[in-house]
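Okay, structure first, notes after.
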Amino acid sequence: MAIEMILSKSALKFRANLLTTNYLLKTPFSSSSNVDHFEQHPQSIYQKVANLDDALNLFDQMSQRRPLPSVVKFTQLLQSITKMKHFSHSLYMFNQMCALRVRVNHYTMSIIIKCCCQLYHTNDAFAVLGFCFRRCIVPNVFIFSALLDGLVHEDRILKSEIFFKKLIKQKLCEPNVVMYSTMIKGLCKIGNNVIAIQLLRLMVERGCKPDVVVYSNIIDILCKDKMIDDAFKLFKEMEASKMLQEMLDVGISPNVQTFNILVDAFCKEGKVDEAEDVINIMIEKRLVLDVVSYSSLLNGYCKSLKIDEAMDLFNEMTRKGLKHDVVTYSTMIQGLFQGLCNNHQLEEALSLFHLVGDSKLNSDVVVYNILIDGASKCGKLDIAKTLFENLTNKGLRPNVRTYSVMISGLCRKGLVGDAKELFLKMEDSGCPQNSVTYNVLLQGFLKNKLYDDVEMLLHEMDGRCYSLDATTLSMLLDQIAARSLDNTLLELIGKLVPKELMDGPIFSPK
């Protein structure tokens, strides 16, 4: 296939654009003297290419020079356009270079292959590889690296693995650290940690020194792999710690992101002590903790109900003047609220909530949901109601989660009538009930022995194709066993059981 055929779509699409740019726009490159200056001072004028119009106009002027500027000059300009992420324009310009018979080189071809891959046209990128052979350009590690990255970019991991093995087996090139890193990243994306670790070992055996990115990807997959039995969790942590020690042994200084992966993983597993050990190593290495480090540890403290430590850490962040964006700050403060509420320290959570005041944080309905849920669970339904009513005053709209926690709180206090009223109000307020809301109200009916309402709600759920959760299902079966509910409901209940729960109790519809 000719290169012109591969690039024809881009050429047709941007031909008019190029002509318009060349003849209708005035740019800093409007005089021919600029091209002369470019020949003498290529870097200075290259740095002045501020946008696509500048680049295309300069290319037009270069194309009219005789003799033509060298391939180096054209390639510099091509790289400039590619860095602006105008990949289709880069392909069009390359097509024009070929028409001008510019003798392209390895670097030019690696740029073009990268452009094809960024446009998810990796098959075309391999066709360009054939063009290289026809032009007697022997592909080097940069070209092969661009092709490998393209396959991973398109999530064609199996193809990338076959291609990588072929490069080594046929000695087409010796992979560098970038290629190994790309391949390991691809394997990690599909959760193939065993092969990823084997590739790391092969990398070292072949004398290619892993960098922080390679090790970070391995540590990340070890920490995130949730598909193995609990018996292997300790093994995962040992492997991750061993990896970290290997990095230190070979003189690689892990960055903050690498440590944060470990801190976050330990905190999610409730292993705050291990997370603190990693933090201490960071301090010893004089690495500055960032908001992510603090947020992970803060959530770990809250989950472990170490509220005093969480509050101390929160105050330390404030003292250090760490700047956080709304998302990170919300995640951090919500974790703190969750810990305080679950530990029945609602007053401290509310105190912190009021301390924040009218910041953007208090414009987040998720924070209100946590506080309403916490107040209800602490038996402070009056506070929960006040918070719920304040949402409207703040210009916020309750979401399904807000209604669900409020309905749950009302049922917990035996105020099932109020719960039903709020449930019916949802539809009128533009917030339709979902499966969670139905399950919450159904549990409230069962706890308060309103069995007639239970059957009615089950029929509604069937009509809306909603499912029962495990808790509701268990409560229903208990009531049937106790003869509080008629066993004829089993057929209806069976229709509402999701597939993942079918391995549990066996239903025998009658």
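Chain labels run A, B, ... following the order of the structure tokens; each chain numbers its residues from 1, and ligands are numbered from 1 in the order shown.
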Selection: 8 Å around region 153-168 of chain A, only C-alpha atoms, excl. self and same-chain fewer than 2 positions, as number ranges by chain: A: 117-118, 120, 122, 148-151, 170-175, 183, 186-187, 190
Could you write out the selected residues, including N, CA and C atoms, as a CSV table (one decimal), in the first residue's frame?
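Result saved to again.csv:
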chain,number,residue,atom,x,y,z
A,117,CYS,N,-0.8,6.2,15.7
A,117,CYS,CA,-1.3,5.5,16.9
A,117,CYS,C,-2.1,6.4,17.8
A,118,GLN,N,-1.8,7.7,17.9
A,118,GLN,CA,-2.6,8.6,18.7
A,118,GLN,C,-4.0,8.8,18.1
A,120,TYR,N,-5.6,6.3,16.9
A,120,TYR,CA,-6.1,4.9,17.0
A,120,TYR,C,-6.1,4.3,15.6
A,122,THR,N,-3.5,2.2,14.5
A,122,THR,CA,-2.2,1.5,14.6
A,122,THR,C,-2.0,0.6,13.4
A,148,LEU,N,4.7,-0.3,19.5
A,148,LEU,CA,4.3,-1.0,20.7
A,148,LEU,C,3.4,-0.2,21.5
A,149,ASP,N,3.7,1.1,21.7
A,149,ASP,CA,2.9,2.0,22.4
A,149,ASP,C,1.5,2.2,21.8
A,150,GLY,N,1.5,2.2,20.5
A,150,GLY,CA,0.2,2.3,19.8
A,150,GLY,C,-0.7,1.1,20.1
A,151,LEU,N,-0.2,-0.1,20.1
A,151,LEU,CA,-1.0,-1.3,20.4
A,151,LEU,C,-1.5,-1.3,21.8
A,170,GLN,N,13.5,-12.5,17.1
A,170,GLN,CA,14.1,-12.3,15.8
A,170,GLN,C,15.2,-11.3,15.8
A,171,LYS,N,15.6,-10.8,17.0
A,171,LYS,CA,16.6,-9.8,17.2
A,171,LYS,C,16.5,-8.6,16.3
A,172,LEU,N,15.2,-8.2,16.1
A,172,LEU,CA,15.0,-7.0,15.3
A,172,LEU,C,15.5,-5.7,16.0
A,173,CYS,N,15.4,-5.7,17.3
A,173,CYS,CA,16.0,-4.6,18.1
A,173,CYS,C,16.0,-5.0,19.6
A,174,GLU,N,16.9,-4.4,20.3
A,174,GLU,CA,17.0,-4.7,21.8
A,174,GLU,C,16.1,-3.7,22.5
A,175,PRO,N,15.1,-4.1,23.1
A,175,PRO,CA,14.1,-3.2,23.8
A,175,PRO,C,14.9,-2.3,24.8
A,183,MET,N,5.3,-2.2,27.7
A,183,MET,CA,4.8,-3.5,27.8
A,183,MET,C,4.3,-3.9,29.2
A,186,GLY,N,1.0,-2.3,29.8
A,186,GLY,CA,-0.1,-3.0,29.1
A,186,GLY,C,-0.5,-4.2,29.9
A,187,LEU,N,0.4,-5.0,30.4
A,187,LEU,CA,0.1,-6.2,31.1
A,187,LEU,C,-0.6,-5.8,32.4
A,190,ILE,N,-4.4,-5.2,32.1
A,190,ILE,CA,-5.3,-6.3,32.0
A,190,ILE,C,-5.1,-7.2,33.2
Contacts of region 376-391 of chain A at 12 Å (only C-alpha atoms; same-chain gap of 4+ positions) as a PyMOL selection string: chain A and resi 338+340-347+349-350+353-354+362-372+395-399+401-415+418-419+422
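In the backbone-derived DSSP annotation, helix (DSSP H, G or I) within region 284-324 of chain A comprises Glu284, Val291, Val292, Ser293, Tyr294, Ser295, Ser296, Leu297, Leu298, Asn299, Gly300, Tyr301, Cys302, Lys303, Ile307, Asp308, Glu309, Ala310, Met311, Asp312, Leu313, Phe314, Asn315, Glu316, Met317, Thr318 and Arg319 of chain A.
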Non-local contacts of Ile261 (chain A) (10 Å; only C-alpha atoms; under 2 positions in same chain excluded) as an MDAnalysis selection string: chainID A and resid 216:217 219:224 256:259 263:266 292:293 296
Residues near Ile112 (chain A), cut-off 8 Å, only C-alpha atoms, skip fewer than 2 positions along chain, as a ChimeraX atom specification: /A:90-91,94,108-110,114-116,125
Distance query region 485-491 of chain A at most 12 Å, only C-alpha atoms, self and fewer than 3 positions along chain excluded, as an MDAnalysis selection string: chainID A and resid 446 449:459 462 473 475:482 494:497 505:510
With C-alpha atoms retained, export the selected residues as a JSON list (two decimals), in the first residue's frame.
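What landed in again19.json:
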[["chain", "number", "residue", "atom", "x", "y", "z"],
["A", 446, "LEU", "CA", -40.38, -5.48, 57.80],
["A", 449, "LYS", "CA", -44.16, -5.41, 60.95],
["A", 450, "LEU", "CA", -46.21, -3.67, 58.24],
["A", 451, "TYR", "CA", -46.64, -6.87, 56.25],
["A", 452, "ASP", "CA", -49.50, -5.68, 54.00],
["A", 453, "ASP", "CA", -47.30, -2.85, 52.76],
["A", 454, "VAL", "CA", -44.49, -5.35, 52.14],
["A", 455, "GLU", "CA", -46.49, -7.29, 49.54],
["A", 456, "MET", "CA", -47.62, -4.09, 47.81],
["A", 457, "LEU", "CA", -44.03, -2.82, 47.59],
["A", 458, "LEU", "CA", -42.77, -6.15, 46.24],
["A", 459, "HIS", "CA", -45.29, -5.96, 43.38],
["A", 462, "ASP", "CA", -41.48, -6.32, 40.11],
["A", 473, "LEU", "CA", -33.81, -10.96, 50.93],
["A", 475, "MET", "CA", -35.19, -10.45, 56.20],
["A", 476, "LEU", "CA", -38.00, -11.61, 53.90],
["A", 477, "LEU", "CA", -37.01, -15.26, 54.19],
["A", 478, "ASP", "CA", -36.79, -14.95, 57.97],
["A", 479, "GLN", "CA", -40.33, -13.55, 58.12],
["A", 480, "ILE", "CA", -41.65, -16.31, 55.85],
["A", 481, "ALA", "CA", -39.97, -18.92, 58.04],
["A", 482, "ALA", "CA", -41.59, -17.29, 61.09],
["A", 494, "GLY", "CA", -37.77, -15.37, 43.37],
["A", 495, "LYS", "CA", -38.39, -13.02, 40.43],
["A", 496, "LEU", "CA", -36.70, -10.18, 42.32],
["A", 497, "VAL", "CA", -33.51, -12.05, 43.24],
["A", 505, "PRO", "CA", -31.11, -19.81, 49.15],
["A", 506, "ILE", "CA", -32.91, -22.07, 46.67],
["A", 507, "PHE", "CA", -36.40, -20.96, 45.69],
["A", 508, "SER", "CA", -39.13, -23.39, 44.76],
["A", 509, "PRO", "CA", -41.84, -21.36, 43.03],
["A", 510, "LYS", "CA", -45.27, -22.91, 43.29]]
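Interatomic distance, CA of Cys267 (chain A) against CA of Glu309 (chain A): 13.7 Å.
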